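Data block below; observations after.
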Amino acid sequence: MAGENERIDQHVYSQGSIDKWVYSTCNICSVGCGCYIAVKDEEIVEIKGNGSHPVNRGRLGPKGENRWYAYQAPDRLKTPLIRNDSGELQPTTWNEAMDLIVSNAKQSLKEKGSSNSVSVYSTGQGFYEDYYTIAKIGRAGLQTNLLDANTRLCTATTEFCLLQLFGADGTPASFDDIDKTDTLMLFGHNAADTGTVLFEQIMDHKNRTGKPYLIVVDPRKTMTAKEADLHLQLSPGTNITLLNGLLNEILHRGEIDNHFLKQHTVDFDKMKESVKDWTLEDPVKATNISLEQRRCD
């Protein structure tokens, strides 16, 4: 999945020459665009797309192109902060901050007992080794089961569903599949705003070839929905209702690949049984999508 032509997006540094370009990958969204970061006096001063990267061919979204401003922000947090007696946050050293954490943890264990007296809320941007260490410190050291991270609100549900459906918590498709598919269905994914480079290349391929037929399922009339061939503007919270009705309709029409199902799936009969009572007619009122839209071939 890449643009037909290379295009180098660049945020130009206007304060003289730079010291070096550092190869990197933009991590603002999940597209993973290749880029180069300009460094001057050990500071980030510019960014440009990598024209040879297979994902973006030099393109950058507005977030990736302007992200380096945050590193130069005068109010960027660079040291720990501790509240003084007046409740105001004051800069401190890492050693002083860690001493305070240790002291308060010991005090909590002493006053409230050794079971679940301390909770740990961590990030979703760590490595496996980080989470392993946090778990060991939390459960074995602080003797608490109250461990959580922002992944519970972000990706935990997605990963669990992927494990149930595909046996692995990684997405089974790739960007290359978008170039090959006849139909692309986006559920609540406003790619025009949140994955700009990806959406640009979807539309570039569509404008050149006429494919994919784009279906957007979203209660909102987003920029992505405006470009869709079919916008299913359902009521919030009715995704499952819509999917069950569509799935039963597909099974009823017999539009399935039996050889693929036999070779690569398990419990197909259970799934078929679970949706047998769902029809396209029944959930019309719940989803607020007309029957004609649901039956669009």
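Ordered as shown in the structure tokens, chains take letters A, B, and onward, while each chain numbers its residues from 1 and ligands are numbered from 1 in the order shown.
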Using only C-alpha atoms, which residues sit within 10 Å of stretch 155-161 of chain A once same-chain residues fewer than 6 positions away are excluded, as a PyMOL selection string? chain A and resi 124+149+167-171
As a PyMOL selection string, please: the residues near A:Lys63 (cut-off 9 Å, only C-alpha atoms, same-chain neighbours under 2 positions excluded). chain A and resi 28-29+60-61+65-67+194+196
How would you write, as a PyMOL selection string, the set of residues in stretch 28-98 of chain A that DSSP gives as strand (DSSP E or B)? chain A and resi 34-40+43-49+81-83+89-91
Only N, CA and C atoms, please: the residues just picked out, written as a CSV table (one decimal), in the first residue's frame.
chain,number,residue,atom,x,y,z
A,34,GLY,N,7.5,6.2,7.3
A,34,GLY,CA,8.9,6.4,7.4
A,34,GLY,C,9.3,7.8,7.3
A,35,CYS,N,10.3,8.3,8.1
A,35,CYS,CA,10.6,9.7,8.1
A,35,CYS,C,12.1,9.9,8.5
A,36,TYR,N,12.6,11.1,8.3
A,36,TYR,CA,13.9,11.5,8.8
A,36,TYR,C,13.7,12.7,9.7
A,37,ILE,N,14.4,12.7,10.8
A,37,ILE,CA,14.3,13.8,11.8
A,37,ILE,C,15.6,14.6,11.7
A,38,ALA,N,15.5,15.9,11.5
A,38,ALA,CA,16.7,16.8,11.5
A,38,ALA,C,17.1,17.2,12.9
A,39,VAL,N,18.4,17.2,13.2
A,39,VAL,CA,18.9,17.5,14.5
A,39,VAL,C,19.9,18.7,14.4
A,40,LYS,N,19.7,19.7,15.3
A,40,LYS,CA,20.6,20.8,15.3
A,40,LYS,C,20.9,21.1,16.8
A,43,GLU,N,18.9,19.1,19.3
A,43,GLU,CA,17.5,19.4,19.3
A,43,GLU,C,16.9,19.0,18.0
A,44,ILE,N,15.6,18.5,18.1
A,44,ILE,CA,14.8,18.3,16.9
A,44,ILE,C,14.4,19.6,16.3
A,45,VAL,N,14.7,19.8,15.0
A,45,VAL,CA,14.3,21.1,14.4
A,45,VAL,C,13.5,20.9,13.1
A,46,GLU,N,13.3,19.7,12.6
A,46,GLU,CA,12.7,19.5,11.3
A,46,GLU,C,12.3,18.1,11.1
A,47,ILE,N,11.4,17.8,10.2
A,47,ILE,CA,11.1,16.4,9.9
A,47,ILE,C,10.7,16.3,8.4
A,48,LYS,N,11.0,15.2,7.7
A,48,LYS,CA,10.6,15.1,6.4
A,48,LYS,C,10.3,13.6,6.1
A,49,GLY,N,9.5,13.3,5.1
A,49,GLY,CA,9.1,11.9,4.8
A,49,GLY,C,10.2,11.2,4.1
A,81,LEU,N,7.6,16.6,39.1
A,81,LEU,CA,7.0,17.7,39.9
A,81,LEU,C,6.5,17.2,41.2
A,82,ILE,N,6.7,17.9,42.3
A,82,ILE,CA,6.2,17.5,43.6
A,82,ILE,C,5.4,18.6,44.2
A,83,ARG,N,4.2,18.4,44.8
A,83,ARG,CA,3.4,19.4,45.4
A,83,ARG,C,4.1,19.9,46.7
A,89,LEU,N,2.8,22.7,42.4
A,89,LEU,CA,3.7,21.8,41.8
A,89,LEU,C,5.1,22.5,41.6
A,90,GLN,N,6.1,21.8,42.1
A,90,GLN,CA,7.5,22.4,42.0
A,90,GLN,C,8.4,21.4,41.4
A,91,PRO,N,9.3,21.8,40.5
A,91,PRO,CA,10.3,20.9,39.9
A,91,PRO,C,11.2,20.3,41.0
Give me, as a list in words, all polymer residues having an atom no more than 9 Å from stretch 105-108 of chain A, counting only C-alpha atoms and skipping those fewer than 5 positions away in the same chain.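 Skipping anything fewer than 5 positions along the chain leaves Leu100, Gly113, Ser114, Ser117, Val118 and Leu142 of chain A.
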Generate a file of the selected residues that holds C-alpha atoms, formatted as a tab-separated table (two decimals), in the first residue's frame.
chain	number	residue	atom	x	y	z
A	100	LEU	CA	8.92	10.21	47.85
A	113	GLY	CA	-1.79	-3.71	55.25
A	114	SER	CA	0.13	-5.55	52.57
A	117	SER	CA	-2.95	-0.95	49.51
A	118	VAL	CA	-1.18	0.52	46.47
A	142	LEU	CA	4.01	-4.06	46.58
As number ranges by chain, please: every residue in stretch 151-287 of chain A that DSSP puts in helix (DSSP H, G or I). A: 151-154, 156-166, 175-180, 191-194, 196-209, 223-226, 239-253, 258-264, 268-274, 284-287
Between atom CA of A:Asn56 and atom CA of A:Asn207, distance in Å (one decimal): 17.5 Å
Need to verify the contact set: stretch 236-241 of chain A, 9 Å, only C-alpha atoms, exclusion of same-chain residues closer than 4 positions in sequence. Can you return it as a list in words?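 Counting only C-alpha atoms, the residues come to Phe187, Val217, Asp218, Pro219, Gly245, Leu246, Trp278, Pro283, Ala286 and Thr287 of chain A.
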Would you write out those residues with C-alpha atoms, as an mmCIF file, in the first residue's frame?
data_model
loop_
_atom_site.group_PDB
_atom_site.id
_atom_site.type_symbol
_atom_site.label_atom_id
_atom_site.label_comp_id
_atom_site.auth_asym_id
_atom_site.auth_seq_id
_atom_site.Cartn_x
_atom_site.Cartn_y
_atom_site.Cartn_z
ATOM 1 C CA PHE A 187 -16.415 0.826 11.076
ATOM 2 C CA VAL A 217 -20.299 2.692 9.051
ATOM 3 C CA ASP A 218 -20.424 5.698 11.362
ATOM 4 C CA PRO A 219 -23.112 7.719 13.164
ATOM 5 C CA GLY A 245 -28.092 -9.012 10.411
ATOM 6 C CA LEU A 246 -25.569 -8.736 7.567
ATOM 7 C CA TRP A 278 -31.156 -12.022 13.076
ATOM 8 C CA PRO A 283 -32.875 -4.383 13.497
ATOM 9 C CA ALA A 286 -32.504 -0.116 16.270
ATOM 10 C CA THR A 287 -29.822 0.904 13.779
#
Nearest to A:Pro54: which of A:Leu198, A:Gln72, A:Lys112, A:Thr181 is it, counting only C-alpha atoms?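 Between A:Leu198, A:Gln72, A:Lys112, A:Thr181, the residue approaching A:Pro54 most closely is A:Leu198.
The interatomic distance for the pair atom CA of A:Lys226 and atom CA of A:Gly64 works out to 23.9 Å.
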Go through A:Leu165, A:Val284, A:Ile202, A:Val275 one by one, measure the shortest atom-to-atom distance of each to A:Leu234 using only C-alpha atoms, and give the residue with the smallest value.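 Once distances to A:Leu234 are computed over only C-alpha atoms, the minimum belongs to A:Val284.
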